[in-house]
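Have a look at upload.cif; it's mmCIF, C-alpha atoms:
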```cif
data_my_file
#
loop_
_atom_site.group_PDB
_atom_site.id
_atom_site.type_symbol
_atom_site.label_atom_id
_atom_site.label_comp_id
_atom_site.auth_asym_id
_atom_site.auth_seq_id
_atom_site.Cartn_x
_atom_site.Cartn_y
_atom_site.Cartn_z
ATOM 1 C CA MET A 1448 -35.492 21.113 22.492
ATOM 2 C CA LYS A 1449 -32.747 23.002 24.286
ATOM 3 C CA MET A 1450 -31.040 25.629 22.140
ATOM 4 C CA GLU A 1451 -27.669 27.211 22.953
ATOM 5 C CA PHE A 1452 -26.824 30.600 21.461
ATOM 6 C CA ILE A 1453 -23.516 31.848 20.037
ATOM 7 C CA SER A 1454 -23.127 35.562 19.389
ATOM 8 C CA SER A 1455 -19.347 36.086 19.536
ATOM 9 C CA LYS A 1456 -16.687 35.109 17.022
ATOM 10 C CA ASP A 1457 -14.458 34.412 20.032
ATOM 11 C CA ASN A 1458 -16.665 31.499 21.038
ATOM 12 C CA SER A 1459 -14.609 28.285 21.180
ATOM 13 C CA LEU A 1460 -17.053 26.273 19.045
ATOM 14 C CA PHE A 1461 -17.165 28.973 16.403
ATOM 15 C CA LYS A 1462 -13.377 29.011 16.267
ATOM 16 C CA GLU A 1463 -13.359 25.231 15.934
ATOM 17 C CA ILE A 1464 -15.743 25.380 12.969
ATOM 18 C CA ARG A 1465 -13.474 27.880 11.243
ATOM 19 C CA GLN A 1466 -10.500 25.588 11.761
ATOM 20 C CA LEU A 1467 -12.385 22.591 10.370
ATOM 21 C CA GLN A 1468 -13.145 24.582 7.224
ATOM 22 C CA ALA A 1469 -9.457 25.109 6.485
ATOM 23 C CA THR A 1470 -8.058 23.426 3.388
ATOM 24 C CA GLY A 1471 -4.930 21.310 3.041
ATOM 25 C CA PRO A 1472 -2.806 20.046 5.942
ATOM 26 C CA LYS A 1473 -4.072 22.779 8.280
ATOM 27 C CA GLY A 1474 -7.663 21.602 8.015
ATOM 28 C CA GLN A 1475 -6.687 17.947 8.198
ATOM 29 C CA LYS A 1476 -4.672 18.589 11.363
ATOM 30 C CA ALA A 1477 -7.669 20.346 12.928
ATOM 31 C CA ARG A 1478 -10.016 17.489 12.066
ATOM 32 C CA PHE A 1479 -7.673 14.913 13.545
ATOM 33 C CA ALA A 1480 -7.107 17.042 16.652
ATOM 34 C CA CYS A 1481 -10.814 17.261 17.498
ATOM 35 C CA GLY A 1482 -11.803 13.958 15.906
ATOM 36 C CA GLN A 1483 -14.609 15.559 13.918
ATOM 37 C CA ALA A 1484 -15.571 16.660 10.420
ATOM 38 C CA LEU A 1485 -17.848 19.521 9.421
ATOM 39 C CA LEU A 1486 -21.055 18.722 7.527
ATOM 40 C CA GLU A 1487 -22.186 21.805 5.618
ATOM 41 C CA GLY A 1488 -25.656 22.233 4.178
ATOM 42 C CA ILE A 1489 -28.990 20.528 4.469
ATOM 43 C CA HIS A 1490 -28.243 17.529 2.252
ATOM 44 C CA LEU A 1491 -25.244 16.344 4.237
ATOM 45 C CA VAL A 1492 -26.974 16.885 7.567
ATOM 46 C CA GLN A 1493 -30.035 14.960 6.338
ATOM 47 C CA THR A 1494 -27.768 12.102 5.302
ATOM 48 C CA TRP A 1495 -26.605 11.630 8.899
ATOM 49 C CA VAL A 1496 -29.922 12.238 10.677
ATOM 50 C CA GLY A 1497 -30.271 9.512 13.286
ATOM 51 C CA ASN A 1498 -26.557 8.674 13.333
ATOM 52 C CA SER A 1499 -25.102 8.885 16.841
ATOM 53 C CA GLY A 1500 -21.838 10.259 15.451
ATOM 54 C CA LEU A 1501 -23.613 13.521 14.648
ATOM 55 C CA LYS A 1502 -23.458 15.044 18.120
ATOM 56 C CA THR A 1503 -23.651 18.760 17.297
ATOM 57 C CA LEU A 1504 -25.959 20.774 15.041
ATOM 58 C CA ILE A 1505 -25.430 24.441 14.201
ATOM 59 C CA THR A 1506 -28.102 26.630 12.651
ATOM 60 C CA SER A 1507 -29.592 30.107 12.948
ATOM 61 C CA GLU A 1508 -32.936 31.820 13.385
ATOM 62 C CA LEU A 1509 -33.206 32.087 9.607
ATOM 63 C CA GLY A 1510 -32.205 28.455 9.223
ATOM 64 C CA LEU A 1511 -34.950 27.246 11.533
ATOM 65 C CA GLN A 1512 -37.484 29.126 9.420
ATOM 66 C CA ASN A 1513 -36.669 26.675 6.629
ATOM 67 C CA PRO A 1514 -39.089 23.721 7.089
ATOM 68 C CA GLU A 1515 -36.545 21.252 5.718
ATOM 69 C CA ILE A 1516 -33.882 22.360 8.189
ATOM 70 C CA ALA A 1517 -36.262 22.473 11.121
ATOM 71 C CA GLN A 1518 -37.498 18.956 10.329
ATOM 72 C CA ALA A 1519 -33.939 17.585 10.102
ATOM 73 C CA VAL A 1520 -33.001 19.157 13.440
ATOM 74 C CA TYR A 1521 -36.073 17.898 15.273
ATOM 75 C CA ASP A 1522 -35.872 14.420 13.724
ATOM 76 C CA HIS A 1523 -32.248 14.023 14.726
ATOM 77 C CA VAL A 1524 -32.711 15.338 18.265
ATOM 78 C CA GLU A 1525 -35.668 13.002 18.763
ATOM 79 C CA ILE A 1526 -33.491 9.998 17.917
ATOM 80 C CA CYS A 1527 -30.178 11.163 19.402
ATOM 81 C CA LEU A 1528 -31.166 12.756 22.681
ATOM 82 C CA ASP A 1529 -27.662 13.929 23.613
ATOM 83 C CA THR A 1530 -27.310 16.130 20.523
ATOM 84 C CA ARG A 1531 -26.345 19.730 21.256
ATOM 85 C CA VAL A 1532 -28.018 22.352 19.070
ATOM 86 C CA TYR A 1533 -26.518 25.812 18.644
ATOM 87 C CA GLN A 1534 -28.053 28.896 17.095
ATOM 88 C CA LEU A 1535 -25.541 31.304 15.587
ATOM 89 C CA ASP A 1536 -26.081 35.025 15.492
ATOM 90 C CA LYS A 1537 -26.928 36.208 11.966
ATOM 91 C CA GLY A 1538 -23.679 38.121 11.634
ATOM 92 C CA LEU A 1539 -21.554 35.059 12.407
ATOM 93 C CA TRP A 1540 -22.896 33.126 9.450
ATOM 94 C CA GLU A 1541 -21.532 35.808 7.178
ATOM 95 C CA LEU A 1542 -18.049 35.044 8.516
ATOM 96 C CA LEU A 1543 -18.357 31.387 7.549
ATOM 97 C CA SER A 1544 -17.654 31.851 3.858
ATOM 98 C CA ASP A 1545 -18.423 28.255 2.910
ATOM 99 C CA LEU A 1546 -21.893 28.542 4.426
ATOM 100 C CA VAL A 1547 -23.023 31.977 3.221
ATOM 101 C CA ASN A 1548 -24.961 30.877 0.138
ATOM 102 C CA ALA A 1549 -26.172 27.565 1.527
ATOM 103 C CA PRO A 1550 -29.129 26.840 3.821
ATOM 104 C CA GLN A 1551 -27.978 27.785 7.307
ATOM 105 C CA ILE A 1552 -27.386 24.365 8.834
ATOM 106 C CA ALA A 1553 -24.226 22.450 9.677
ATOM 107 C CA GLY A 1554 -23.154 19.621 11.923
ATOM 108 C CA LEU A 1555 -20.097 18.167 13.604
ATOM 109 C CA LEU A 1556 -19.639 14.469 12.882
ATOM 110 C CA ASP A 1557 -17.289 12.125 14.740
ATOM 111 C CA LEU A 1558 -14.601 10.737 12.442
ATOM 112 C CA PRO A 1559 -14.515 6.943 12.078
ATOM 113 C CA ASP A 1560 -11.689 5.003 13.684
ATOM 114 C CA THR A 1561 -10.303 4.103 10.250
ATOM 115 C CA ALA A 1562 -9.581 7.801 9.702
ATOM 116 C CA LEU A 1563 -8.153 8.506 13.150
ATOM 117 C CA ASN A 1564 -6.106 5.307 13.444
ATOM 118 C CA PRO A 1565 -5.123 4.151 9.931
ATOM 119 C CA GLN A 1566 -2.452 1.794 11.238
ATOM 120 C CA LYS A 1567 -5.098 -0.122 13.182
ATOM 121 C CA SER A 1568 -7.267 -0.665 10.116
ATOM 122 C CA VAL A 1569 -8.288 -4.183 9.155
ATOM 123 C CA ALA A 1570 -5.494 -6.515 8.123
ATOM 124 C CA THR A 1571 -7.360 -7.950 5.154
ATOM 125 C CA ILE A 1572 -9.825 -6.401 2.715
ATOM 126 C CA SER A 1573 -11.625 -8.858 0.471
ATOM 127 C CA GLY A 1574 -14.024 -8.133 -2.368
ATOM 128 C CA ASP A 1575 -14.108 -5.083 -4.625
ATOM 129 C CA VAL A 1576 -12.127 -2.039 -3.590
ATOM 130 C CA ILE A 1577 -11.104 1.311 -5.060
ATOM 131 C CA ILE A 1578 -7.589 2.527 -4.336
ATOM 132 C CA LEU A 1579 -6.829 6.237 -4.653
ATOM 133 C CA ASP A 1580 -3.141 6.939 -5.184
ATOM 134 C CA ARG A 1581 -2.271 10.542 -4.221
ATOM 135 C CA ILE A 1582 -5.303 12.163 -5.887
ATOM 136 C CA GLN A 1583 -5.080 15.685 -4.532
ATOM 137 C CA ASP A 1584 -8.087 17.446 -6.024
ATOM 138 C CA ALA A 1585 -10.895 17.355 -3.455
ATOM 139 C CA GLY A 1586 -13.583 17.582 -6.126
ATOM 140 C CA ASN A 1587 -12.206 14.547 -7.934
ATOM 141 C CA VAL A 1588 -11.958 12.536 -4.726
ATOM 142 C CA GLY A 1589 -15.511 13.409 -3.706
ATOM 143 C CA SER A 1590 -16.858 12.575 -7.154
ATOM 144 C CA ILE A 1591 -15.161 9.171 -7.060
ATOM 145 C CA LEU A 1592 -16.684 8.454 -3.645
ATOM 146 C CA ARG A 1593 -20.118 9.402 -4.964
ATOM 147 C CA THR A 1594 -19.661 7.057 -7.920
ATOM 148 C CA ALA A 1595 -18.348 4.268 -5.697
ATOM 149 C CA ALA A 1596 -21.468 4.401 -3.540
ATOM 150 C CA ALA A 1597 -23.522 3.420 -6.579
ATOM 151 C CA GLY A 1598 -21.984 -0.037 -6.648
ATOM 152 C CA PHE A 1599 -18.827 -0.458 -4.574
ATOM 153 C CA THR A 1600 -18.446 -0.008 -0.821
ATOM 154 C CA GLN A 1601 -14.728 -0.039 0.000
ATOM 155 C CA VAL A 1602 -12.284 2.793 -0.724
ATOM 156 C CA ILE A 1603 -8.643 3.123 0.308
ATOM 157 C CA ALA A 1604 -6.895 6.493 0.053
ATOM 158 C CA LEU A 1605 -3.113 6.386 0.170
ATOM 159 C CA THR A 1606 -1.094 9.032 1.969
ATOM 160 C CA GLY A 1607 -0.975 12.102 -0.259
ATOM 161 C CA CYS A 1608 -4.665 12.074 -1.224
ATOM 162 C CA ALA A 1609 -7.011 14.899 -0.361
ATOM 163 C CA HIS A 1610 -8.433 14.255 3.104
ATOM 164 C CA LEU A 1611 -11.593 12.170 2.654
ATOM 165 C CA TRP A 1612 -13.357 14.098 5.425
ATOM 166 C CA SER A 1613 -12.501 17.623 4.296
ATOM 167 C CA SER A 1614 -15.409 19.979 3.668
ATOM 168 C CA LYS A 1615 -14.825 20.020 -0.092
ATOM 169 C CA VAL A 1616 -14.638 16.231 -0.398
ATOM 170 C CA LEU A 1617 -17.755 15.841 1.754
ATOM 171 C CA ARG A 1618 -19.700 18.290 -0.396
ATOM 172 C CA ALA A 1619 -18.596 16.650 -3.629
ATOM 173 C CA GLY A 1620 -19.422 13.221 -2.185
ATOM 174 C CA MET A 1621 -23.036 14.302 -1.560
ATOM 175 C CA GLY A 1622 -23.567 11.908 1.348
ATOM 176 C CA ALA A 1623 -21.673 8.950 -0.127
ATOM 177 C CA HIS A 1624 -19.416 8.787 2.940
ATOM 178 C CA ARG A 1625 -22.165 7.246 5.050
ATOM 179 C CA LEU A 1626 -22.549 4.377 2.551
ATOM 180 C CA LEU A 1627 -18.861 3.517 2.273
ATOM 181 C CA ASP A 1628 -16.126 1.812 4.250
ATOM 182 C CA LEU A 1629 -13.331 4.361 4.032
ATOM 183 C CA TYR A 1630 -9.671 3.784 4.846
ATOM 184 C CA GLU A 1631 -7.101 6.537 4.496
ATOM 185 C CA GLY A 1632 -3.531 7.368 5.298
ATOM 186 C CA TRP A 1633 -2.422 3.937 4.068
ATOM 187 C CA SER A 1634 0.992 3.179 2.620
ATOM 188 C CA THR A 1635 1.587 1.177 -0.545
ATOM 189 C CA PRO A 1636 2.961 -1.841 1.392
ATOM 190 C CA GLN A 1637 -0.147 -1.780 3.597
ATOM 191 C CA VAL A 1638 -2.377 -1.893 0.509
ATOM 192 C CA LEU A 1639 -0.407 -4.705 -1.111
ATOM 193 C CA SER A 1640 -0.570 -6.697 2.099
ATOM 194 C CA ALA A 1641 -4.276 -6.183 2.846
ATOM 195 C CA VAL A 1642 -6.071 -6.210 -0.508
ATOM 196 C CA THR A 1643 -6.872 -9.699 -1.785
ATOM 197 C CA ALA A 1644 -8.419 -8.843 -5.181
ATOM 198 C CA PRO A 1645 -6.157 -8.390 -8.237
ATOM 199 C CA LEU A 1646 -5.048 -4.805 -8.831
ATOM 200 C CA LEU A 1647 -6.207 -3.134 -12.046
ATOM 201 C CA ALA A 1648 -4.410 0.130 -12.779
ATOM 202 C CA VAL A 1649 -6.024 2.605 -15.147
ATOM 203 C CA THR A 1650 -3.370 3.889 -17.547
ATOM 204 C CA ALA A 1651 -3.296 5.309 -21.068
ATOM 205 C CA ASP A 1652 -1.120 2.448 -22.340
ATOM 206 C CA GLY A 1653 -2.585 -0.433 -20.351
ATOM 207 C CA GLU A 1654 -2.339 -3.834 -22.032
ATOM 208 C CA LEU A 1655 -5.953 -4.731 -21.233
ATOM 209 C CA ASP A 1656 -8.899 -3.103 -23.018
ATOM 210 C CA LEU A 1657 -11.571 -2.154 -20.455
ATOM 211 C CA PHE A 1658 -14.379 -3.199 -22.784
ATOM 212 C CA ASN A 1659 -12.900 -6.599 -23.580
ATOM 213 C CA MET A 1660 -12.205 -8.187 -20.182
ATOM 214 C CA PRO A 1661 -15.453 -9.720 -18.867
ATOM 215 C CA LYS A 1662 -13.654 -12.778 -17.459
ATOM 216 C CA VAL A 1663 -11.623 -10.467 -15.219
ATOM 217 C CA LEU A 1664 -14.397 -8.114 -14.138
ATOM 218 C CA ILE A 1665 -16.833 -10.868 -13.227
ATOM 219 C CA HIS A 1666 -14.704 -11.490 -10.125
ATOM 220 C CA PRO A 1667 -13.755 -9.043 -7.320
ATOM 221 C CA VAL A 1668 -11.240 -6.424 -8.452
ATOM 222 C CA ALA A 1669 -9.228 -3.583 -6.949
ATOM 223 C CA TRP A 1670 -9.322 -0.544 -9.218
ATOM 224 C CA VAL A 1671 -6.319 1.757 -8.799
ATOM 225 C CA MET A 1672 -6.795 5.406 -9.748
ATOM 226 C CA GLY A 1673 -3.690 7.573 -9.879
ATOM 227 C CA SER A 1674 -2.688 11.123 -9.169
ATOM 228 C CA GLU A 1675 -3.779 13.749 -11.701
ATOM 229 C CA GLY A 1676 -0.179 14.733 -12.385
ATOM 230 C CA GLN A 1677 2.032 11.809 -11.400
ATOM 231 C CA GLY A 1678 -0.189 8.895 -12.283
ATOM 232 C CA ILE A 1679 0.107 5.612 -10.392
ATOM 233 C CA SER A 1680 3.227 4.902 -8.341
ATOM 234 C CA GLU A 1681 5.812 2.453 -9.658
ATOM 235 C CA ASP A 1682 5.359 0.172 -6.648
ATOM 236 C CA LEU A 1683 1.640 -0.245 -7.329
ATOM 237 C CA MET A 1684 2.116 -0.564 -11.078
ATOM 238 C CA ALA A 1685 4.605 -3.367 -10.522
ATOM 239 C CA GLN A 1686 1.865 -5.409 -8.844
ATOM 240 C CA ALA A 1687 -1.027 -4.435 -11.113
ATOM 241 C CA LYS A 1688 -2.353 -5.115 -14.580
ATOM 242 C CA GLY A 1689 -2.681 -2.022 -16.712
ATOM 243 C CA VAL A 1690 -6.111 -1.258 -18.146
ATOM 244 C CA SER A 1691 -6.810 1.307 -20.846
ATOM 245 C CA ILE A 1692 -10.094 3.024 -21.652
ATOM 246 C CA PRO A 1693 -10.556 3.287 -25.427
ATOM 247 C CA ILE A 1694 -10.957 6.965 -26.357
ATOM 248 C CA ASP A 1695 -10.459 9.110 -29.419
ATOM 249 C CA PRO A 1696 -6.671 9.376 -29.988
ATOM 250 C CA ARG A 1697 -7.017 13.137 -30.303
ATOM 251 C CA VAL A 1698 -7.940 13.217 -26.605
ATOM 252 C CA GLU A 1699 -4.927 12.846 -24.322
ATOM 253 C CA SER A 1700 -6.726 11.456 -21.271
ATOM 254 C CA LEU A 1701 -9.863 11.474 -19.148
ATOM 255 C CA ASN A 1702 -10.315 13.243 -15.840
ATOM 256 C CA VAL A 1703 -9.581 10.749 -13.054
ATOM 257 C CA SER A 1704 -13.104 10.905 -11.640
ATOM 258 C CA THR A 1705 -14.546 10.296 -15.108
ATOM 259 C CA ALA A 1706 -12.169 7.373 -15.665
ATOM 260 C CA ALA A 1707 -13.216 5.903 -12.319
ATOM 261 C CA ALA A 1708 -16.901 6.175 -13.224
ATOM 262 C CA VAL A 1709 -16.347 4.451 -16.586
ATOM 263 C CA CYS A 1710 -14.404 1.585 -14.986
ATOM 264 C CA LEU A 1711 -16.783 1.051 -12.091
ATOM 265 C CA PHE A 1712 -19.904 1.021 -14.209
ATOM 266 C CA GLU A 1713 -18.316 -1.268 -16.799
ATOM 267 C CA THR A 1714 -17.594 -3.637 -13.905
ATOM 268 C CA LEU A 1715 -21.248 -3.517 -12.849
ATOM 269 C CA ARG A 1716 -22.450 -3.899 -16.441
ATOM 270 C CA VAL A 1717 -20.412 -7.048 -16.943
ATOM 271 C CA ARG A 1718 -21.841 -8.595 -13.795
ATOM 272 C CA ARG A 1719 -25.393 -7.833 -14.790
ATOM 273 C CA ALA A 1720 -25.067 -9.112 -18.332
#
```

Let me see whether you can do it: turn the structure in this file into structure tokens.
Amino acid sequence: MKMEFISSKDNSLFKEIRQLQATGPKGQKARFACGQALLEGIHLVQTWVGNSGLKTLITSELGLQNPEIAQAVYDHVEICLDTRVYQLDKGLWELLSDLVNAPQIAGLLDLPDTALNPQKSVATISGDVIILDRIQDAGNVGSILRTAAAGFTQVIALTGCAHLWSSKVLRAGMGAHRLLDLYEGWSTPQVLSAVTAPLLAVTADGELDLFNMPKVLIHPVAWVMGSEGQGISEDLMAQAKGVSIPIDPRVESLNVSTAAAVCLFETLRVRRA
């Protein structure tokens, strides 16, 4: 296996990794510019072992001493022969703050076309789907993706959501990205035009009780989860049925990722009854 070494923080690849780690619009711009996302840690790299989109692996001498890391690197290179493997100098890992306390392995993954060209996404999406309306917390978005992978496969993120391929969302998703069909950067009209299943919007005052709607949940549905602060947009609400999750009245609301988990697993429970 050919190994390339990086010892300077002025190295172009090292600079690129730092840019991909950036949060907010800066990081998203960098990911779109290079067409790649950064996988940090052994679990995420293992998830994509054997996937041709993982074209670059980055580790260190210490990392390769970890049997789990070494196995992942060798397994991937054996399948994807064009993979480039880089070994970072020990001191450089200390400059990558997101990687300091994690096993010293990372990878660069090609972004899917649905992320790079949202306007060219499919015209129609049938079956179950989860729609994320301007959810900005990366941890919440990643948690919802992880939950979705347990039973749903299609997720649409409207413009204003945390970038689905940011480092924080990827870490919170724990590998769910590889199991899902992800569409992001969509507008509300695009969603209303493409999604064929009825929209169910989770709201505190929804007219439907989540635990009393088996005739609805037995069929494909489109769950709409709204922004932590603003809730669901008026345009989406106008086309959706409101659904409430019965909770103790002393509790104002549930975290959006928790609400998503409750709704998705109630959907699966109904279908398995």

*asked:* So, with all atoms listed in the file as the atoms that count, which of A:Glu1631, A:Asp1536, A:Asp1529, A:Asp1522 lies closest to Cys1608 of chain A?
replied: A:Glu1631

Which residues of segment 1460-1492 of chain A have any atom within 7 Å of an atom in segment 1550-1569 of chain A when counting all atoms listed in the file, and what is the closest pair of atoms for each, with the distance in Å to one decimal? Order the rows by chain and rising number and write it as JSON lines.
```
{"residue": "A:Phe1479", "atom": "CA", "partner": "A:Leu1563", "partner_atom": "CA", "distance": 6.4}
{"residue": "A:Gly1482", "atom": "CA", "partner": "A:Leu1558", "partner_atom": "CA", "distance": 5.5}
{"residue": "A:Gln1483", "atom": "CA", "partner": "A:Asp1557", "partner_atom": "CA", "distance": 4.4}
{"residue": "A:Ala1484", "atom": "CA", "partner": "A:Leu1556", "partner_atom": "CA", "distance": 5.2}
{"residue": "A:Leu1485", "atom": "CA", "partner": "A:Leu1555", "partner_atom": "CA", "distance": 4.9}
{"residue": "A:Leu1486", "atom": "CA", "partner": "A:Gly1554", "partner_atom": "CA", "distance": 5.0}
{"residue": "A:Glu1487", "atom": "CA", "partner": "A:Ala1553", "partner_atom": "CA", "distance": 4.6}
{"residue": "A:Gly1488", "atom": "CA", "partner": "A:Ile1552", "partner_atom": "CA", "distance": 5.4}
{"residue": "A:Ile1489", "atom": "CA", "partner": "A:Ile1552", "partner_atom": "CA", "distance": 6.0}
{"residue": "A:Val1492", "atom": "CA", "partner": "A:Gly1554", "partner_atom": "CA", "distance": 6.4}
```

*Take the PyMOL selection byres ((chain A and resi 1646) around 6), apply it to the structure above, and return the hits as JSON, numbers by chain.*
{"A": [1645, 1647, 1669, 1687]}

With C-alpha atoms retained, export the selected residues as a PDB file, in the frame of the given file.
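Listed below is the output, part.pdb:
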```pdb
ATOM      1  CA  PRO A1645      -6.157  -8.390  -8.237  1.00  0.00           C
ATOM      2  CA  LEU A1647      -6.207  -3.134 -12.046  1.00  0.00           C
ATOM      3  CA  ALA A1669      -9.228  -3.583  -6.949  1.00  0.00           C
ATOM      4  CA  ALA A1687      -1.027  -4.435 -11.113  1.00  0.00           C
TER       5      ALA A1687
END
```

*Write out as a PyMOL selection string the residues lying within 9 Å of segment 1538-1543 of chain A, counting all atoms listed in the file and excluding same-chain residues fewer than 2 positions away.*
chain A and resi 1453-1456+1461+1464-1465+1468+1506-1507+1535-1536+1545-1547+1551

*Scan for residues within 12 Å of the point (-19.9, -2.6, -16.7) in the coordinates of the file, using all atoms listed in the file, and reply as a list in words.*
Gly1598, Leu1657, Phe1658, Asn1659, Met1660, Pro1661, Lys1662, Val1663, Leu1664, Ile1665, Ala1707, Ala1708, Val1709, Cys1710, Leu1711, Phe1712, Glu1713, Thr1714, Leu1715, Arg1716, Val1717, Arg1718, Arg1719 and Ala1720 of chain A

*Check the smallest atom-to-atom distance from each of A:Ala1585, A:Leu1504, A:Ala1596, A:Val1703 to Gly1471 of chain A using all atoms listed in the file, then report the winner.*
A:Ala1585

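The coordinates place atom CA of Ala1480 of chain A at 24.1 Å from atom CA of Thr1494 of chain A.
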
_Please enumerate the residues selected by the PyMOL selection byres ((chain A and resi 1599) around 9) when evaluated against the supplied file, formatted as a PyMOL selection string._
chain A and resi 1575-1577+1594-1598+1600-1602+1627+1711

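The smallest atom-to-atom distance between Met1672 of chain A and any of A:Asn1498, A:Thr1643, A:Gln1583, A:Gln1493, using all atoms listed in the file, is found for A:Gln1583.
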
*Of the candidates A:Gln1677, A:Pro1472, A:Gly1497, A:Val1671, which one gets nearest to Val1638 of chain A if we count only C-alpha atoms?*
A:Val1671

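Residue nearest Arg1593 of chain A within the list A:Ser1704, A:Ser1614, A:Thr1470, A:Ser1674: A:Ser1704 [criterion: smallest interatomic distance, all atoms listed in the file].
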
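Here the PyMOL selection byres ((chain A and resi 1580) around 6) captures the residues Leu1579, Arg1581, Ile1582, Leu1605, Gly1673 and Ser1674 of chain A.
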
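With all atoms listed in the file as the atoms that count, the minimum distance from Ala1641 of chain A to the choices A:Gly1689, A:Glu1675, A:Ile1603, A:Cys1527 is reached by A:Ile1603.
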
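Between atom CA of Asn1548 of chain A and atom CA of Val1616 of chain A the interatomic distance comes to 17.9 Å.
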
_Shell of 9 Å around Val1642 of chain A, all atoms listed in the file, local chain residues under 5 positions omitted, as a PyMOL selection string_ = chain A and resi 1570-1574+1576+1637+1669

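A straight line drawn from atom CA of Met1450 of chain A to atom CA of Arg1531 of chain A is 7.6 Å long.
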
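Once Ser1691 of chain A and its same-chain neighbours fewer than 6 positions away are set aside, Leu1647, Ala1648, Val1649, Thr1650, Ala1651, Asp1652, Gly1653, Glu1654, Leu1655, Asp1656, Leu1657, Phe1658, Ala1706 and Cys1710 of chain A remain within 10 Å of it when counting all atoms listed in the file.
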
Place N, CA, C and O atoms on segment 1687-1700 of chain A and deliver the coordinates as a short mmCIF file (atom, residue, chain, number, x, y, z; two decimals), in the coordinates of the input.
```
data_model
loop_
_atom_site.label_atom_id
_atom_site.label_comp_id
_atom_site.auth_asym_id
_atom_site.auth_seq_id
_atom_site.Cartn_x
_atom_site.Cartn_y
_atom_site.Cartn_z
N ALA A 1687 0.30 -4.57 -10.50
CA ALA A 1687 -1.03 -4.43 -11.11
C ALA A 1687 -0.99 -4.76 -12.60
O ALA A 1687 0.06 -4.76 -13.24
N LYS A 1688 -2.18 -5.01 -13.13
CA LYS A 1688 -2.35 -5.12 -14.58
C LYS A 1688 -2.87 -3.78 -15.09
O LYS A 1688 -3.81 -3.21 -14.52
N GLY A 1689 -2.26 -3.29 -16.15
CA GLY A 1689 -2.68 -2.02 -16.71
C GLY A 1689 -3.94 -2.17 -17.55
O GLY A 1689 -4.05 -3.12 -18.34
N VAL A 1690 -4.86 -1.24 -17.39
CA VAL A 1690 -6.11 -1.26 -18.15
C VAL A 1690 -6.29 0.10 -18.83
O VAL A 1690 -6.15 1.14 -18.19
N SER A 1691 -6.59 0.06 -20.11
CA SER A 1691 -6.81 1.31 -20.85
C SER A 1691 -8.28 1.46 -21.20
O SER A 1691 -8.98 0.48 -21.43
N ILE A 1692 -8.73 2.71 -21.24
CA ILE A 1692 -10.09 3.02 -21.65
C ILE A 1692 -10.02 3.53 -23.09
O ILE A 1692 -9.40 4.57 -23.34
N PRO A 1693 -10.62 2.83 -24.04
CA PRO A 1693 -10.56 3.29 -25.43
C PRO A 1693 -11.21 4.65 -25.60
O PRO A 1693 -12.38 4.85 -25.27
N ILE A 1694 -10.44 5.63 -26.08
CA ILE A 1694 -10.96 6.96 -26.36
C ILE A 1694 -10.38 7.45 -27.68
O ILE A 1694 -9.42 6.87 -28.21
N ASP A 1695 -10.94 8.50 -28.19
CA ASP A 1695 -10.46 9.11 -29.42
C ASP A 1695 -8.98 9.49 -29.23
O ASP A 1695 -8.64 10.15 -28.24
N PRO A 1696 -8.10 9.08 -30.14
CA PRO A 1696 -6.67 9.38 -29.99
C PRO A 1696 -6.34 10.86 -29.94
O PRO A 1696 -5.26 11.24 -29.49
N ARG A 1697 -7.26 11.69 -30.37
CA ARG A 1697 -7.02 13.14 -30.30
C ARG A 1697 -7.18 13.67 -28.88
O ARG A 1697 -6.76 14.79 -28.58
N VAL A 1698 -7.77 12.84 -28.01
CA VAL A 1698 -7.94 13.22 -26.60
C VAL A 1698 -6.83 12.57 -25.79
O VAL A 1698 -6.65 11.35 -25.81
N GLU A 1699 -6.08 13.37 -25.05
CA GLU A 1699 -4.93 12.85 -24.32
C GLU A 1699 -5.33 11.90 -23.20
O GLU A 1699 -4.75 10.83 -23.03
N SER A 1700 -6.33 12.29 -22.41
CA SER A 1700 -6.73 11.46 -21.27
C SER A 1700 -8.07 11.91 -20.74
O SER A 1700 -8.59 12.95 -21.14
#
```
